[in-house]
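First comes the structure, then the notes that go with it.
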Amino acid sequence: MHGLLPALKRGFKRWIGWRRLGIAASVFIIAFAITTLVRTLKGIDTGVILTALTEIPRGSIGLAAICVFFAFCTLTFYDFFALRTIGKKHVPYRIAALSSFTSYSIGHNIGATVFTGGAIRFRIYSDYGLNAIDVAKICFLSGLTFWLGNIFVLSIGMAIHPDAASAMDQLPAPLNRLIALGGLASIGAYLVWLCMGEKRRELGQKGWKVVLPSAPLTLVQILIGVVDLGFCATAMYLLMPASPPIDFMSLAVVFILATLIGFASHAPGSIGVFDAAMLVALPEFGREQLLATLLVFRLLYFVIPFALAISIMGARELWMNVVKPWQERRRLAEACAQANLPKQVTTMERERSLRQVAKR
């Protein structure tokens, strides 16, 4: 019995592993969500959906778009906070904002956010001297901000409205409230643990070591996540049908749970998973009306930011790899012409000649 647990651990690492387990869990979530979605959408009238789209007030769509804009503005502080935490203060905010926006928008729409988002971050931050380990630390701290904010808001929401979570997790309301209190207690314990000295806050070893933010800075970290989630939930709330009425906190609980399930699935844009979770958790709304709301939210939160992020990254690559080198060659050619250098020389010879001219 004493050697059973180590043997099971070795067998798990050899034959299964966390990576395969994660892939299996993602496939299961996606398959279950698609099955649920197909079953839920039986008998849906597309004409009613189109009518419901026209019935959403334009003012509500405009306000929801503003909330999404501010949500992405808040999202830029995920990377900025992480950069300052690991001591990379030479990276300006505009680069952190570019990295946060593009990595999240593209990564979340393509899927496998950890890898796609990390690759985009590395492409941007490598121009500022950051290596793969630095980018891994940024991804870790950004993810920590996301989870702390989600746990905090979800725990408060479930403690106040445990019935809102019951529609999705099928657990009794008292148990959901107990889970919520446990979530708040875990955050409190984490803050206390952070107060026990900097050595306690060190994670990793050798080349990969990150010092977690102090307790006061962790409160700032939680605030960033809370504000981000608050704007997203408000955008969804503004787009919801007017009847039947639903309070903001109940919708926020359902929205965050659906978001987390979609995130865990690694499905591109959480498509199918997020939508199925929302439809299952809000059966009191007409399916066509709720689908219209989800379509508008997807357009505002997924499609438009994705298109912007792709355009920004494409323009950046064009500037860095085509326009800027061309401008450099043109500047060099003009300098050579002014120095009366022959045109049929190599770039290295031109630079050597220009240095000699400059010394005169």
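Each chain in the structure tokens gets a letter, A, B and so on, in the order shown; residues start at 1 in every chain, and ligands are counted from 1 in the order they appear.
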Could you pull out the strand (DSSP E) residues of region 27-224 of chain A, going by DSSP on the backbone, and write them as a PyMOL selection string? chain A and resi 202-205+208-211
Could you list, as a list in words, every residue within 6 Å of region 174-178 of chain A, counting only C-alpha atoms and ignoring same-chain residues fewer than 2 positions away?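 Listing them by chain and then by number gives Met158, Ala159, Pro162, Pro172, Ala180 and Leu181 of chain A.
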Output C-alpha atoms of each residue in that selection to a file, as a PDB file, in the first residue's frame.
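What follows is the written file part16.pdb:
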ATOM      1  CA  MET A 158     -23.104  32.738  -5.830  1.00  0.00           C
ATOM      2  CA  ALA A 159     -23.213  33.721  -2.166  1.00  0.00           C
ATOM      3  CA  PRO A 162     -26.938  30.647  -5.292  1.00  0.00           C
ATOM      4  CA  PRO A 172     -28.721  22.668  -4.475  1.00  0.00           C
ATOM      5  CA  ALA A 180     -19.003  30.507  -2.817  1.00  0.00           C
ATOM      6  CA  LEU A 181     -17.950  31.025   0.785  1.00  0.00           C
TER       7      LEU A 181
END
What lies within 6 Å of region 287-301 of chain A using only C-alpha atoms, ignoring chain neighbours under 4 positions off, as a PyMOL selection string? chain A and resi 49+52-53+239-240
Restricting the calculation to only C-alpha atoms, which member of A:Gly272, A:Ala281, A:Glu198, A:Phe80 is positioned closest to Gln170 (chain A)? A:Ala281
From A:Ile160, A:Ile106, A:Ala235, A:Leu130, residue lying nearest Lys88 (chain A) [only C-alpha atoms]: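 Closest residue, counting only C-alpha atoms: A:Leu130.
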Skipping near chain neighbours, those fewer than 4 positions away, what residues fall within 7 Å of region 223-226 of chain A using only C-alpha atoms, listed as a list in words?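 The neighbour list is Thr74, Thr145, Phe146, Leu148, Gly149, Asn150, Val153, Leu219 and Gly230 of chain A.
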For N, CA and C atoms, I'd like the residues from the last selection saved as an mmCIF file, in the first residue's frame.
data_model
loop_
_atom_site.group_PDB
_atom_site.id
_atom_site.type_symbol
_atom_site.label_atom_id
_atom_site.label_comp_id
_atom_site.auth_asym_id
_atom_site.auth_seq_id
_atom_site.Cartn_x
_atom_site.Cartn_y
_atom_site.Cartn_z
ATOM 1 N N THR A 74 -9.487 47.662 -20.023
ATOM 2 C CA THR A 74 -9.073 47.085 -18.744
ATOM 3 C C THR A 74 -8.177 45.877 -18.964
ATOM 4 N N THR A 145 -4.373 36.828 -12.798
ATOM 5 C CA THR A 145 -5.301 37.970 -12.704
ATOM 6 C C THR A 145 -6.701 37.561 -13.139
ATOM 7 N N PHE A 146 -6.768 36.824 -14.234
ATOM 8 C CA PHE A 146 -8.055 36.363 -14.762
ATOM 9 C C PHE A 146 -8.779 35.484 -13.749
ATOM 10 N N LEU A 148 -8.215 35.062 -10.423
ATOM 11 C CA LEU A 148 -8.547 35.731 -9.156
ATOM 12 C C LEU A 148 -9.800 36.588 -9.308
ATOM 13 N N GLY A 149 -9.878 37.334 -10.406
ATOM 14 C CA GLY A 149 -11.063 38.157 -10.645
ATOM 15 C C GLY A 149 -12.313 37.329 -10.795
ATOM 16 N N ASN A 150 -12.212 36.218 -11.541
ATOM 17 C CA ASN A 150 -13.363 35.350 -11.748
ATOM 18 C C ASN A 150 -13.832 34.699 -10.447
ATOM 19 N N VAL A 153 -15.515 37.480 -8.094
ATOM 20 C CA VAL A 153 -16.846 37.926 -8.531
ATOM 21 C C VAL A 153 -17.844 36.780 -8.470
ATOM 22 N N LEU A 219 -4.483 42.799 -4.388
ATOM 23 C CA LEU A 219 -5.796 43.445 -4.365
ATOM 24 C C LEU A 219 -6.013 44.269 -5.633
ATOM 25 N N GLY A 230 -16.812 43.011 -14.883
ATOM 26 C CA GLY A 230 -17.968 43.886 -14.689
ATOM 27 C C GLY A 230 -18.436 44.506 -15.996
#
Shortest interatomic distance to Ser60 (chain A) - which of A:Asn321, A:Thr234, A:Ser214, A:Thr102, counting only C-alpha atoms: A:Thr234
Selection: 7 Å around Ala82 (chain A), only C-alpha atoms, excl. self and same-chain fewer than 4 positions, as JSON, numbers by chain: {"A": [78, 86, 138, 141, 142]}
